[in-house]
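Novice: The structure under discussion is supplied below as structure tokens; questions concerning it will follow.
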There are 2 protein chains.
Amino acid sequence: MTKDKKLANPLRGLEDRPGFLIRRAHQISQSVFIEECAKLDITATQFGVLWVLARAGELDQISIARLLGFDRSTTGLVVKLLEDRNLIVRSPDKNDRRRHVLRLTKAGEDLRRRAEPLVDRVRMRLDAVFTPSEAKTFSGLLDKFTRSFDETARVPRRRPSS
Amino acid sequence: MTKDKKLANPLRGLEDRPGFLIRRAHQISQSVFIEECAKLDITATQFGVLWVLARAGELDQISIARLLGFDRSTTGLVVKLLEDRNLIVRSPDKNDRRRHVLRLTKAGEDLRRRAEPLVDRVRMRLDAVFTPSEAKTFSGLLDKFTRSFDETARVPRRRPSS
DNA sequence: TCCAATTAATCAGACGTCTGACGATTAAGC
DNA sequence: GCTTAATCGTCAGACGTCTGATTAATTGGA
């Protein structure tokens, strides 16, 4: 290969590695989320915790981590931020004193509800670059990809049975 | 919706948001990269810089950032780590004193070359969960997705013309 | 019953990522 | 030429993420 060819495309061979494009896709989707939800000052990760708590009523940190596929430490830090903002409360579990059970406060539930339409907008903006058929295929492949690694990944994820 | 149904699947409605699955896919691919390249002590981000420098010969930080879609600050920090390990050298640009031109050292080029087969293994492991046809479709959709946002994203990316 | 393995949670440390600000330098318009 | 705008790089601060270690509590097996 000549030096000129190198200069012509310094990315040939990197661009088609899935990891590289996945990283970029993640960066983009995070950026769109932050942009849409700026007025609520909430991140995608934080919203995930609010969401799952709204659905489940109450959970301990480890359960949240497993459902969302977050690392234990990550979950602990995110939960701390939400607790500092009084969006969730933590109370010791009487049956198992290692656990702290989390639940949404009224403020947390209000914020989650207000975030809902904004998060829908994020989804719409992300899907908008595809035809409906492509969007479906993309989601399906992402699901297959992530599902294939759920059990063997360093940070495993246990999806609900339903 | 009954409370029982909530408990049955606390993730319904979150799982099919593309951003959520993209995050998980990113987490997985990073994890596989780290696992394969553990003995070289290099991350995907760092490898990207080594790669693009190997291709281009020499570049300043901003050019690297634009080619890879990294933030300026991120690039600065990654470059610093590589420089501390003597994998790249930085020299002031005589024509433009704002710039510092980066190039690989011998150690940097050696590391990049040794990383090559490991990075190929990462790609193989990621693609292995798909049929060849699915892998191609997935790559194509990821490319379309990222390309659609390259210009409007907060962190823009300028792909090489070739 | 008692010891060992497991589990929940926290912490320090590291890297990646972005924002907003700043200083230094160059380029552009008048 | 001079003023203004744009650009390169850095820094502090914040959040997300993972590792490895530690502490406290529970569980399971001999």
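Labeling convention for the structure tokens: chains A, B, ... as they appear, residues from 1 per chain, ligands from 1 in order of appearance.
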Give as a PyMOL selection string every residue of chain A that touches chain C within 12 Å, counting only C-alpha atoms (C1' of nucleotides).
Specialist: chain A and resi 23-24+26-28+30-31+34-35+60-63+65+72-77+79-80+92-93+96-101
Novice: For the residues in the current selection, export N, CA and C atoms as a PDB file, in the first residue's frame.
Specialist:
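What ended up in selection01.pdb:
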```pdb
ATOM      1  N   ARG A  23     -19.820   2.279  19.421  1.00  0.00           N
ATOM      2  CA  ARG A  23     -19.399   3.373  20.291  1.00  0.00           C
ATOM      3  C   ARG A  23     -19.972   4.708  19.790  1.00  0.00           C
ATOM      4  N   ARG A  24     -19.841   4.924  18.521  1.00  0.00           N
ATOM      5  CA  ARG A  24     -20.336   6.170  17.949  1.00  0.00           C
ATOM      6  C   ARG A  24     -21.858   6.274  18.081  1.00  0.00           C
ATOM      7  N   HIS A  26     -23.660   4.969  20.367  1.00  0.00           N
ATOM      8  CA  HIS A  26     -23.936   5.237  21.775  1.00  0.00           C
ATOM      9  C   HIS A  26     -23.726   6.710  22.099  1.00  0.00           C
ATOM     10  N   GLN A  27     -22.632   7.238  21.623  1.00  0.00           N
ATOM     11  CA  GLN A  27     -22.329   8.653  21.835  1.00  0.00           C
ATOM     12  C   GLN A  27     -23.458   9.524  21.292  1.00  0.00           C
ATOM     13  N   ILE A  28     -23.940   9.167  20.106  1.00  0.00           N
ATOM     14  CA  ILE A  28     -24.999   9.945  19.478  1.00  0.00           C
ATOM     15  C   ILE A  28     -26.303   9.838  20.264  1.00  0.00           C
ATOM     16  N   GLN A  30     -26.812   9.081  23.376  1.00  0.00           N
ATOM     17  CA  GLN A  30     -26.683   9.784  24.655  1.00  0.00           C
ATOM     18  C   GLN A  30     -26.841  11.283  24.454  1.00  0.00           C
ATOM     19  N   SER A  31     -26.212  11.765  23.416  1.00  0.00           N
ATOM     20  CA  SER A  31     -26.238  13.192  23.151  1.00  0.00           C
ATOM     21  C   SER A  31     -27.652  13.687  22.852  1.00  0.00           C
ATOM     22  N   ILE A  34     -29.644  13.701  26.212  1.00  0.00           N
ATOM     23  CA  ILE A  34     -29.293  14.853  27.046  1.00  0.00           C
ATOM     24  C   ILE A  34     -29.929  16.125  26.488  1.00  0.00           C
ATOM     25  N   GLU A  35     -29.891  16.242  25.184  1.00  0.00           N
ATOM     26  CA  GLU A  35     -30.433  17.441  24.542  1.00  0.00           C
ATOM     27  C   GLU A  35     -31.935  17.565  24.807  1.00  0.00           C
ATOM     28  N   ASP A  60     -34.073  -3.466  45.445  1.00  0.00           N
ATOM     29  CA  ASP A  60     -32.761  -3.132  46.004  1.00  0.00           C
ATOM     30  C   ASP A  60     -31.805  -2.863  44.852  1.00  0.00           C
ATOM     31  N   GLN A  61     -30.642  -2.344  45.173  1.00  0.00           N
ATOM     32  CA  GLN A  61     -29.707  -1.903  44.134  1.00  0.00           C
ATOM     33  C   GLN A  61     -29.295  -3.024  43.189  1.00  0.00           C
ATOM     34  N   ILE A  62     -29.016  -4.165  43.758  1.00  0.00           N
ATOM     35  CA  ILE A  62     -28.525  -5.276  42.937  1.00  0.00           C
ATOM     36  C   ILE A  62     -29.590  -5.710  41.941  1.00  0.00           C
ATOM     37  N   SER A  63     -30.828  -5.709  42.357  1.00  0.00           N
ATOM     38  CA  SER A  63     -31.905  -6.094  41.439  1.00  0.00           C
ATOM     39  C   SER A  63     -32.013  -5.099  40.294  1.00  0.00           C
ATOM     40  N   ALA A  65     -29.585  -3.270  39.156  1.00  0.00           N
ATOM     41  CA  ALA A  65     -28.405  -3.479  38.314  1.00  0.00           C
ATOM     42  C   ALA A  65     -28.628  -4.644  37.365  1.00  0.00           C
ATOM     43  N   ARG A  72     -22.591  -3.007  39.486  1.00  0.00           N
ATOM     44  CA  ARG A  72     -23.032  -2.718  40.860  1.00  0.00           C
ATOM     45  C   ARG A  72     -22.579  -1.344  41.330  1.00  0.00           C
ATOM     46  N   SER A  73     -21.307  -1.041  41.068  1.00  0.00           N
ATOM     47  CA  SER A  73     -20.775   0.250  41.515  1.00  0.00           C
ATOM     48  C   SER A  73     -21.469   1.398  40.805  1.00  0.00           C
ATOM     49  N   THR A  74     -21.655   1.243  39.518  1.00  0.00           N
ATOM     50  CA  THR A  74     -22.348   2.271  38.746  1.00  0.00           C
ATOM     51  C   THR A  74     -23.723   2.541  39.341  1.00  0.00           C
ATOM     52  N   THR A  75     -24.443   1.461  39.596  1.00  0.00           N
ATOM     53  CA  THR A  75     -25.783   1.600  40.145  1.00  0.00           C
ATOM     54  C   THR A  75     -25.753   2.346  41.472  1.00  0.00           C
ATOM     55  N   GLY A  76     -24.780   2.003  42.302  1.00  0.00           N
ATOM     56  CA  GLY A  76     -24.668   2.668  43.586  1.00  0.00           C
ATOM     57  C   GLY A  76     -24.470   4.162  43.441  1.00  0.00           C
ATOM     58  N   LEU A  77     -23.653   4.566  42.470  1.00  0.00           N
ATOM     59  CA  LEU A  77     -23.391   5.988  42.292  1.00  0.00           C
ATOM     60  C   LEU A  77     -24.607   6.709  41.722  1.00  0.00           C
ATOM     61  N   VAL A  79     -27.724   5.800  41.993  1.00  0.00           N
ATOM     62  CA  VAL A  79     -28.741   5.830  43.037  1.00  0.00           C
ATOM     63  C   VAL A  79     -28.452   6.951  44.037  1.00  0.00           C
ATOM     64  N   LYS A  80     -27.192   7.145  44.327  1.00  0.00           N
ATOM     65  CA  LYS A  80     -26.824   8.201  45.266  1.00  0.00           C
ATOM     66  C   LYS A  80     -27.215   9.579  44.729  1.00  0.00           C
ATOM     67  N   PRO A  92     -33.888   0.565  55.004  1.00  0.00           N
ATOM     68  CA  PRO A  92     -33.306  -0.749  55.268  1.00  0.00           C
ATOM     69  C   PRO A  92     -34.366  -1.841  55.188  1.00  0.00           C
ATOM     70  N   ASP A  93     -33.958  -2.978  54.666  1.00  0.00           N
ATOM     71  CA  ASP A  93     -34.848  -4.127  54.565  1.00  0.00           C
ATOM     72  C   ASP A  93     -34.834  -4.876  55.901  1.00  0.00           C
ATOM     73  N   ASP A  96     -33.590  -8.588  55.561  1.00  0.00           N
ATOM     74  CA  ASP A  96     -32.201  -8.813  55.168  1.00  0.00           C
ATOM     75  C   ASP A  96     -31.444  -7.508  55.344  1.00  0.00           C
ATOM     76  N   ARG A  97     -30.682  -7.451  56.407  1.00  0.00           N
ATOM     77  CA  ARG A  97     -30.082  -6.166  56.764  1.00  0.00           C
ATOM     78  C   ARG A  97     -28.924  -5.758  55.862  1.00  0.00           C
ATOM     79  N   ARG A  98     -28.589  -6.610  54.878  1.00  0.00           N
ATOM     80  CA  ARG A  98     -27.599  -6.165  53.902  1.00  0.00           C
ATOM     81  C   ARG A  98     -28.238  -5.225  52.893  1.00  0.00           C
ATOM     82  N   ARG A  99     -29.533  -5.382  52.692  1.00  0.00           N
ATOM     83  CA  ARG A  99     -30.222  -4.662  51.627  1.00  0.00           C
ATOM     84  C   ARG A  99     -30.777  -3.310  52.047  1.00  0.00           C
ATOM     85  N   HIS A 100     -30.827  -2.444  51.057  1.00  0.00           N
ATOM     86  CA  HIS A 100     -31.543  -1.188  51.215  1.00  0.00           C
ATOM     87  C   HIS A 100     -32.562  -1.129  50.104  1.00  0.00           C
ATOM     88  N   VAL A 101     -33.811  -1.023  50.483  1.00  0.00           N
ATOM     89  CA  VAL A 101     -34.874  -1.033  49.481  1.00  0.00           C
ATOM     90  C   VAL A 101     -35.132   0.379  48.977  1.00  0.00           C
TER      91      VAL A 101
END
```
Novice: For region 124-126 of chain A, please output as a PDB file with C-alpha atoms, in the first residue's frame all residues within 12 Å (counting only C-alpha atoms (C1' of nucleotides); exclusion window: fewer than 3 positions along the same chain).
Specialist:
```pdb
ATOM      1  CA  ALA A  25     -24.002   5.179  17.995  1.00  0.00           C
ATOM      2  CA  HIS A  26     -23.936   5.237  21.775  1.00  0.00           C
ATOM      3  CA  ILE A  28     -24.999   9.945  19.478  1.00  0.00           C
ATOM      4  CA  SER A  29     -27.970   8.498  21.324  1.00  0.00           C
ATOM      5  CA  GLN A  30     -26.683   9.784  24.655  1.00  0.00           C
ATOM      6  CA  SER A  31     -26.238  13.192  23.151  1.00  0.00           C
ATOM      7  CA  VAL A  32     -29.770  13.270  21.797  1.00  0.00           C
ATOM      8  CA  PHE A  33     -31.138  12.133  25.155  1.00  0.00           C
ATOM      9  CA  GLU A  35     -30.433  17.441  24.542  1.00  0.00           C
ATOM     10  CA  GLU A  36     -34.115  16.527  24.803  1.00  0.00           C
ATOM     11  CA  PRO A 117     -42.860  12.399  26.377  1.00  0.00           C
ATOM     12  CA  LEU A 118     -39.315  13.707  26.073  1.00  0.00           C
ATOM     13  CA  VAL A 119     -37.911  10.209  26.023  1.00  0.00           C
ATOM     14  CA  ASP A 120     -40.461   9.330  23.363  1.00  0.00           C
ATOM     15  CA  ARG A 121     -39.091  12.207  21.332  1.00  0.00           C
ATOM     16  CA  VAL A 129     -33.103   8.140  10.132  1.00  0.00           C
ATOM     17  CA  PHE A 130     -34.485   4.726   9.212  1.00  0.00           C
ATOM     18  CA  THR A 131     -37.468   3.526   7.267  1.00  0.00           C
ATOM     19  CA  PRO A 132     -39.962   1.832   9.606  1.00  0.00           C
ATOM     20  CA  GLU A 134     -35.136  -0.694   8.916  1.00  0.00           C
ATOM     21  CA  ALA A 135     -35.889   0.546  12.415  1.00  0.00           C
ATOM     22  CA  PHE A 138     -32.142  -2.584  13.708  1.00  0.00           C
ATOM     23  CA  SER A 139     -33.982  -3.076  16.993  1.00  0.00           C
TER      24      SER A 139
ATOM     25  CA  ARG B  17     -35.964   1.955  23.044  1.00  0.00           C
ATOM     26  CA  PRO B  18     -32.978   1.922  20.723  1.00  0.00           C
ATOM     27  CA  GLY B  19     -30.873   4.026  23.075  1.00  0.00           C
ATOM     28  CA  PHE B  20     -31.191   1.482  25.831  1.00  0.00           C
ATOM     29  CA  ILE B  22     -27.291   0.655  22.090  1.00  0.00           C
ATOM     30  CA  LEU B 142     -25.079   1.111  12.195  1.00  0.00           C
ATOM     31  CA  LYS B 144     -26.447   4.552   8.202  1.00  0.00           C
ATOM     32  CA  PHE B 145     -27.408   5.532  11.730  1.00  0.00           C
ATOM     33  CA  THR B 146     -24.095   7.102  12.645  1.00  0.00           C
ATOM     34  CA  SER B 148     -27.032  10.403   9.555  1.00  0.00           C
ATOM     35  CA  PHE B 149     -25.906  12.194  12.689  1.00  0.00           C
ATOM     36  CA  ALA B 153     -24.257  15.688  16.476  1.00  0.00           C
TER      37      ALA B 153
END
```
Novice: Compute the chain D side of the contact with chain B at 12 Å, counting only C-alpha atoms (C1' of nucleotides), and hand it back as number ranges by chain.
Specialist: D: 7-12, 16-19
Novice: Restrict the selected residues to N, CA and C atoms (P, O5', C5', C4', C3', O3' and C1' of nucleotides) and save them as a CSV table (one decimal), in the first residue's frame.
Specialist:
```
chain,number,residue,atom,x,y,z
D,7,DT,P,-13.5,27.5,12.9
D,7,DT,O5',-12.1,27.2,13.6
D,7,DT,C5',-10.9,27.6,12.9
D,7,DT,C4',-9.8,27.2,13.8
D,7,DT,C3',-9.8,25.9,14.5
D,7,DT,O3',-8.7,25.1,14.1
D,7,DT,C1',-9.2,27.6,16.0
D,8,DC,P,-8.5,23.6,14.6
D,8,DC,O5',-7.5,23.7,15.8
D,8,DC,C5',-6.1,24.0,15.5
D,8,DC,C4',-5.3,24.0,16.8
D,8,DC,C3',-5.5,22.7,17.6
D,8,DC,O3',-4.2,22.2,17.9
D,8,DC,C1',-5.9,24.5,19.0
D,9,DG,P,-4.0,20.7,18.5
D,9,DG,O5',-4.1,21.0,20.1
D,9,DG,C5',-3.1,21.8,20.7
D,9,DG,C4',-3.5,22.3,22.1
D,9,DG,C3',-3.8,21.1,23.0
D,9,DG,O3',-2.7,20.9,23.9
D,9,DG,C1',-5.2,23.1,23.3
D,10,DT,P,-2.9,19.8,25.1
D,10,DT,O5',-3.5,20.7,26.3
D,10,DT,C5',-2.8,21.9,26.7
D,10,DT,C4',-3.6,22.5,27.8
D,10,DT,C3',-3.9,21.5,28.9
D,10,DT,O3',-3.4,22.0,30.1
D,10,DT,C1',-5.9,22.8,28.3
D,11,DC,P,-3.3,21.0,31.5
D,11,DC,O5',-4.6,21.6,32.3
D,11,DC,C5',-4.8,23.0,32.4
D,11,DC,C4',-6.1,23.3,33.1
D,11,DC,C3',-6.5,22.2,34.2
D,11,DC,O3',-6.7,22.8,35.4
D,11,DC,C1',-8.3,22.7,32.7
D,12,DA,P,-6.8,21.8,36.7
D,12,DA,O5',-8.3,22.1,37.2
D,12,DA,C5',-8.8,23.5,37.1
D,12,DA,C4',-10.4,23.4,37.3
D,12,DA,C3',-10.8,22.4,38.4
D,12,DA,O3',-11.9,23.0,39.1
D,12,DA,C1',-11.8,22.0,36.3
D,16,DG,P,-25.0,9.5,35.7
D,16,DG,O5',-24.0,8.6,34.8
D,16,DG,C5',-23.9,8.7,33.4
D,16,DG,C4',-22.9,7.7,32.9
D,16,DG,C3',-23.2,6.3,33.4
D,16,DG,O3',-23.1,5.4,32.2
D,16,DG,C1',-20.9,6.9,33.7
D,17,DT,P,-23.5,3.9,32.4
D,17,DT,O5',-22.2,3.1,32.7
D,17,DT,C5',-21.2,3.1,31.7
D,17,DT,C4',-19.9,2.5,32.3
D,17,DT,C3',-20.1,1.3,33.2
D,17,DT,O3',-20.0,0.1,32.4
D,17,DT,C1',-18.3,2.8,33.9
D,18,DC,P,-20.1,-1.3,33.1
D,18,DC,O5',-18.6,-1.6,33.7
D,18,DC,C5',-17.6,-1.8,32.8
D,18,DC,C4',-16.3,-1.9,33.5
D,18,DC,C3',-16.2,-3.0,34.5
D,18,DC,O3',-15.2,-4.0,34.1
D,18,DC,C1',-15.4,-1.0,35.5
D,19,DT,P,-15.0,-5.3,35.1
D,19,DT,O5',-13.8,-4.9,36.1
D,19,DT,C5',-12.7,-4.3,35.5
D,19,DT,C4',-11.6,-4.2,36.6
D,19,DT,C3',-11.5,-5.4,37.5
D,19,DT,O3',-10.2,-5.7,37.7
D,19,DT,C1',-11.9,-3.4,38.8
```
Novice: Using the chain letters and numbers from this document, which residues of chain B does DSSP assign to helix (DSSP H, G or I), as a PDB file with C-alpha atoms, in the first residue's frame?
Specialist:
```pdb
ATOM      1  CA  LYS B   3     -49.682  -4.312  39.971  1.00  0.00           C
ATOM      2  CA  ASP B   4     -49.049  -7.961  39.199  1.00  0.00           C
ATOM      3  CA  LYS B   5     -48.387  -7.159  35.597  1.00  0.00           C
ATOM      4  CA  LYS B   6     -45.938  -4.491  36.636  1.00  0.00           C
ATOM      5  CA  LEU B   7     -44.047  -6.968  38.702  1.00  0.00           C
ATOM      6  CA  ALA B   8     -44.135  -9.500  35.902  1.00  0.00           C
ATOM      7  CA  PRO B  18     -32.978   1.922  20.723  1.00  0.00           C
ATOM      8  CA  GLY B  19     -30.873   4.026  23.075  1.00  0.00           C
ATOM      9  CA  PHE B  20     -31.191   1.482  25.831  1.00  0.00           C
ATOM     10  CA  LEU B  21     -30.050  -1.419  23.669  1.00  0.00           C
ATOM     11  CA  ILE B  22     -27.291   0.655  22.090  1.00  0.00           C
ATOM     12  CA  ARG B  23     -25.929   1.405  25.534  1.00  0.00           C
ATOM     13  CA  ARG B  24     -25.938  -2.250  26.398  1.00  0.00           C
ATOM     14  CA  ALA B  25     -24.315  -3.174  23.082  1.00  0.00           C
ATOM     15  CA  HIS B  26     -21.593  -0.628  23.748  1.00  0.00           C
ATOM     16  CA  GLN B  27     -20.980  -1.965  27.223  1.00  0.00           C
ATOM     17  CA  ILE B  28     -20.674  -5.477  25.815  1.00  0.00           C
ATOM     18  CA  SER B  29     -18.330  -4.618  22.972  1.00  0.00           C
ATOM     19  CA  GLN B  30     -16.097  -2.593  25.279  1.00  0.00           C
ATOM     20  CA  SER B  31     -15.977  -5.475  27.683  1.00  0.00           C
ATOM     21  CA  VAL B  32     -14.981  -7.927  24.961  1.00  0.00           C
ATOM     22  CA  PHE B  33     -12.294  -5.547  23.727  1.00  0.00           C
ATOM     23  CA  ILE B  34     -10.782  -5.131  27.179  1.00  0.00           C
ATOM     24  CA  GLU B  35     -10.874  -8.867  27.726  1.00  0.00           C
ATOM     25  CA  GLU B  36      -9.055  -9.684  24.496  1.00  0.00           C
ATOM     26  CA  ALA B  38      -5.864  -7.232  28.543  1.00  0.00           C
ATOM     27  CA  LYS B  39      -2.300  -8.411  28.053  1.00  0.00           C
ATOM     28  CA  LEU B  40      -1.470  -5.306  26.020  1.00  0.00           C
ATOM     29  CA  ALA B  44     -10.574   0.593  22.291  1.00  0.00           C
ATOM     30  CA  THR B  45     -10.291   4.367  22.393  1.00  0.00           C
ATOM     31  CA  GLN B  46      -6.520   4.270  22.696  1.00  0.00           C
ATOM     32  CA  PHE B  47      -6.284   1.747  19.897  1.00  0.00           C
ATOM     33  CA  GLY B  48      -8.318   4.061  17.684  1.00  0.00           C
ATOM     34  CA  VAL B  49      -5.717   6.783  18.114  1.00  0.00           C
ATOM     35  CA  LEU B  50      -2.836   4.416  17.424  1.00  0.00           C
ATOM     36  CA  TRP B  51      -4.646   3.123  14.365  1.00  0.00           C
ATOM     37  CA  VAL B  52      -5.378   6.479  12.828  1.00  0.00           C
ATOM     38  CA  LEU B  53      -1.855   7.686  13.472  1.00  0.00           C
ATOM     39  CA  ALA B  54      -0.430   4.583  11.837  1.00  0.00           C
ATOM     40  CA  ARG B  55      -2.562   5.304   8.808  1.00  0.00           C
ATOM     41  CA  ALA B  56      -2.002   9.019   8.564  1.00  0.00           C
ATOM     42  CA  GLN B  61      -5.323  16.364  18.143  1.00  0.00           C
ATOM     43  CA  ILE B  62      -8.259  18.081  16.539  1.00  0.00           C
ATOM     44  CA  SER B  63      -7.838  16.127  13.329  1.00  0.00           C
ATOM     45  CA  ILE B  64      -7.772  12.887  15.263  1.00  0.00           C
ATOM     46  CA  ALA B  65     -10.887  13.927  17.148  1.00  0.00           C
ATOM     47  CA  ARG B  66     -12.740  14.705  13.942  1.00  0.00           C
ATOM     48  CA  LEU B  67     -11.752  11.492  12.225  1.00  0.00           C
ATOM     49  CA  LEU B  68     -12.756   9.270  15.126  1.00  0.00           C
ATOM     50  CA  ARG B  72     -11.645  17.491  21.937  1.00  0.00           C
ATOM     51  CA  SER B  73     -11.164  17.092  25.670  1.00  0.00           C
ATOM     52  CA  THR B  74     -11.465  13.324  25.464  1.00  0.00           C
ATOM     53  CA  THR B  75      -8.855  13.225  22.754  1.00  0.00           C
ATOM     54  CA  GLY B  76      -6.528  15.384  24.817  1.00  0.00           C
ATOM     55  CA  LEU B  77      -6.760  13.036  27.773  1.00  0.00           C
ATOM     56  CA  VAL B  78      -6.337   9.874  25.712  1.00  0.00           C
ATOM     57  CA  VAL B  79      -3.358  11.366  23.918  1.00  0.00           C
ATOM     58  CA  LYS B  80      -1.802  12.254  27.236  1.00  0.00           C
ATOM     59  CA  LEU B  81      -2.067   8.650  28.435  1.00  0.00           C
ATOM     60  CA  LEU B  82      -0.417   7.396  25.254  1.00  0.00           C
ATOM     61  CA  GLU B  83       2.298   9.999  25.504  1.00  0.00           C
ATOM     62  CA  ASP B  84       2.982   9.084  29.131  1.00  0.00           C
ATOM     63  CA  LYS B 106       8.534   2.658  17.530  1.00  0.00           C
ATOM     64  CA  ALA B 107       6.958   1.263  20.694  1.00  0.00           C
ATOM     65  CA  GLY B 108       3.614   2.651  19.613  1.00  0.00           C
ATOM     66  CA  GLU B 109       3.833   1.056  16.196  1.00  0.00           C
ATOM     67  CA  ASP B 110       4.901  -2.243  17.744  1.00  0.00           C
ATOM     68  CA  LEU B 111       1.974  -2.189  20.126  1.00  0.00           C
ATOM     69  CA  ARG B 112      -0.447  -1.370  17.357  1.00  0.00           C
ATOM     70  CA  ARG B 113       0.849  -4.253  15.292  1.00  0.00           C
ATOM     71  CA  ARG B 114       0.599  -6.690  18.164  1.00  0.00           C
ATOM     72  CA  ALA B 115      -2.928  -5.477  18.906  1.00  0.00           C
ATOM     73  CA  GLU B 116      -4.102  -6.087  15.352  1.00  0.00           C
ATOM     74  CA  PRO B 117      -4.860  -9.819  15.628  1.00  0.00           C
ATOM     75  CA  LEU B 118      -6.469  -9.328  19.030  1.00  0.00           C
ATOM     76  CA  VAL B 119      -8.757  -6.653  17.664  1.00  0.00           C
ATOM     77  CA  ASP B 120      -9.657  -8.992  14.837  1.00  0.00           C
ATOM     78  CA  ARG B 121     -10.644 -11.542  17.445  1.00  0.00           C
ATOM     79  CA  VAL B 122     -12.912  -8.966  19.069  1.00  0.00           C
ATOM     80  CA  ARG B 123     -14.635  -8.418  15.789  1.00  0.00           C
ATOM     81  CA  MET B 124     -15.053 -12.129  15.238  1.00  0.00           C
ATOM     82  CA  ARG B 125     -16.545 -12.657  18.662  1.00  0.00           C
ATOM     83  CA  LEU B 126     -18.991  -9.812  18.203  1.00  0.00           C
ATOM     84  CA  ASP B 127     -20.048 -10.960  14.751  1.00  0.00           C
ATOM     85  CA  PRO B 132     -23.055 -13.561   8.022  1.00  0.00           C
ATOM     86  CA  SER B 133     -26.047 -11.918   6.417  1.00  0.00           C
ATOM     87  CA  GLU B 134     -27.253 -10.472   9.698  1.00  0.00           C
ATOM     88  CA  ALA B 135     -23.785  -9.175  10.515  1.00  0.00           C
ATOM     89  CA  LYS B 136     -23.704  -7.352   7.226  1.00  0.00           C
ATOM     90  CA  THR B 137     -27.142  -5.868   7.780  1.00  0.00           C
ATOM     91  CA  PHE B 138     -26.224  -4.818  11.309  1.00  0.00           C
ATOM     92  CA  SER B 139     -23.066  -3.088  10.141  1.00  0.00           C
ATOM     93  CA  GLY B 140     -24.941  -1.397   7.348  1.00  0.00           C
ATOM     94  CA  LEU B 141     -27.634  -0.060   9.643  1.00  0.00           C
ATOM     95  CA  LEU B 142     -25.079   1.111  12.195  1.00  0.00           C
ATOM     96  CA  ASP B 143     -23.268   2.900   9.412  1.00  0.00           C
ATOM     97  CA  LYS B 144     -26.447   4.552   8.202  1.00  0.00           C
ATOM     98  CA  PHE B 145     -27.408   5.532  11.730  1.00  0.00           C
ATOM     99  CA  THR B 146     -24.095   7.102  12.645  1.00  0.00           C
ATOM    100  CA  ARG B 147     -23.644   8.717   9.266  1.00  0.00           C
ATOM    101  CA  SER B 148     -27.032  10.403   9.555  1.00  0.00           C
ATOM    102  CA  PHE B 149     -25.906  12.194  12.689  1.00  0.00           C
TER     103      PHE B 149
END
```
Novice: Counting only C-alpha atoms, which of B:Arg85, B:Asp71, B:Cys37, B:Leu104 gets nearest to chain A?
Specialist: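 Among the listed residues, the smallest separation from chain A belongs to B:Asp71.
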Novice: Give the strand (DSSP E or B) residues of region 41-145 of chain A, as DSSP finds them on the backbone, and put them as a list in words.
Specialist: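 Taking region 41-145 of chain A and keeping strand (DSSP E or B) only, one gets Leu59, Asp60, Ile88, Val89, Arg90, Ser91, Pro92, His100, Val101, Leu102, Arg103 and Leu104 of chain A.
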Novice: Those same residues, written as a PDB file, in the first residue's frame with C-alpha atoms?
Specialist:
```
ATOM      1  CA  LEU A  59     -36.218  -2.891  44.506  1.00  0.00           C
ATOM      2  CA  ASP A  60     -32.761  -3.132  46.004  1.00  0.00           C
ATOM      3  CA  ILE A  88     -35.917   8.202  45.534  1.00  0.00           C
ATOM      4  CA  VAL A  89     -35.765   7.076  49.146  1.00  0.00           C
ATOM      5  CA  ARG A  90     -33.833   4.223  50.601  1.00  0.00           C
ATOM      6  CA  SER A  91     -34.941   2.231  53.605  1.00  0.00           C
ATOM      7  CA  PRO A  92     -33.306  -0.749  55.268  1.00  0.00           C
ATOM      8  CA  HIS A 100     -31.543  -1.188  51.215  1.00  0.00           C
ATOM      9  CA  VAL A 101     -34.874  -1.033  49.481  1.00  0.00           C
ATOM     10  CA  LEU A 102     -35.440   1.838  47.044  1.00  0.00           C
ATOM     11  CA  ARG A 103     -38.667   3.448  45.939  1.00  0.00           C
ATOM     12  CA  LEU A 104     -39.699   6.588  44.096  1.00  0.00           C
TER      13      LEU A 104
END
```
Novice: May I ask for the distance between CA of Arg159 (chain B) and CA of Gly69 (chain B), given in Å to one decimal place?
Specialist: 8.8 Å
Novice: Expressed in Å to a single decimal, how great is the separation between CA of Thr105 (chain B) and CA of Glu15 (chain A)?
Specialist: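 About the pair CA of Thr105 (chain B) and CA of Glu15 (chain A): they are 23.5 Å apart.
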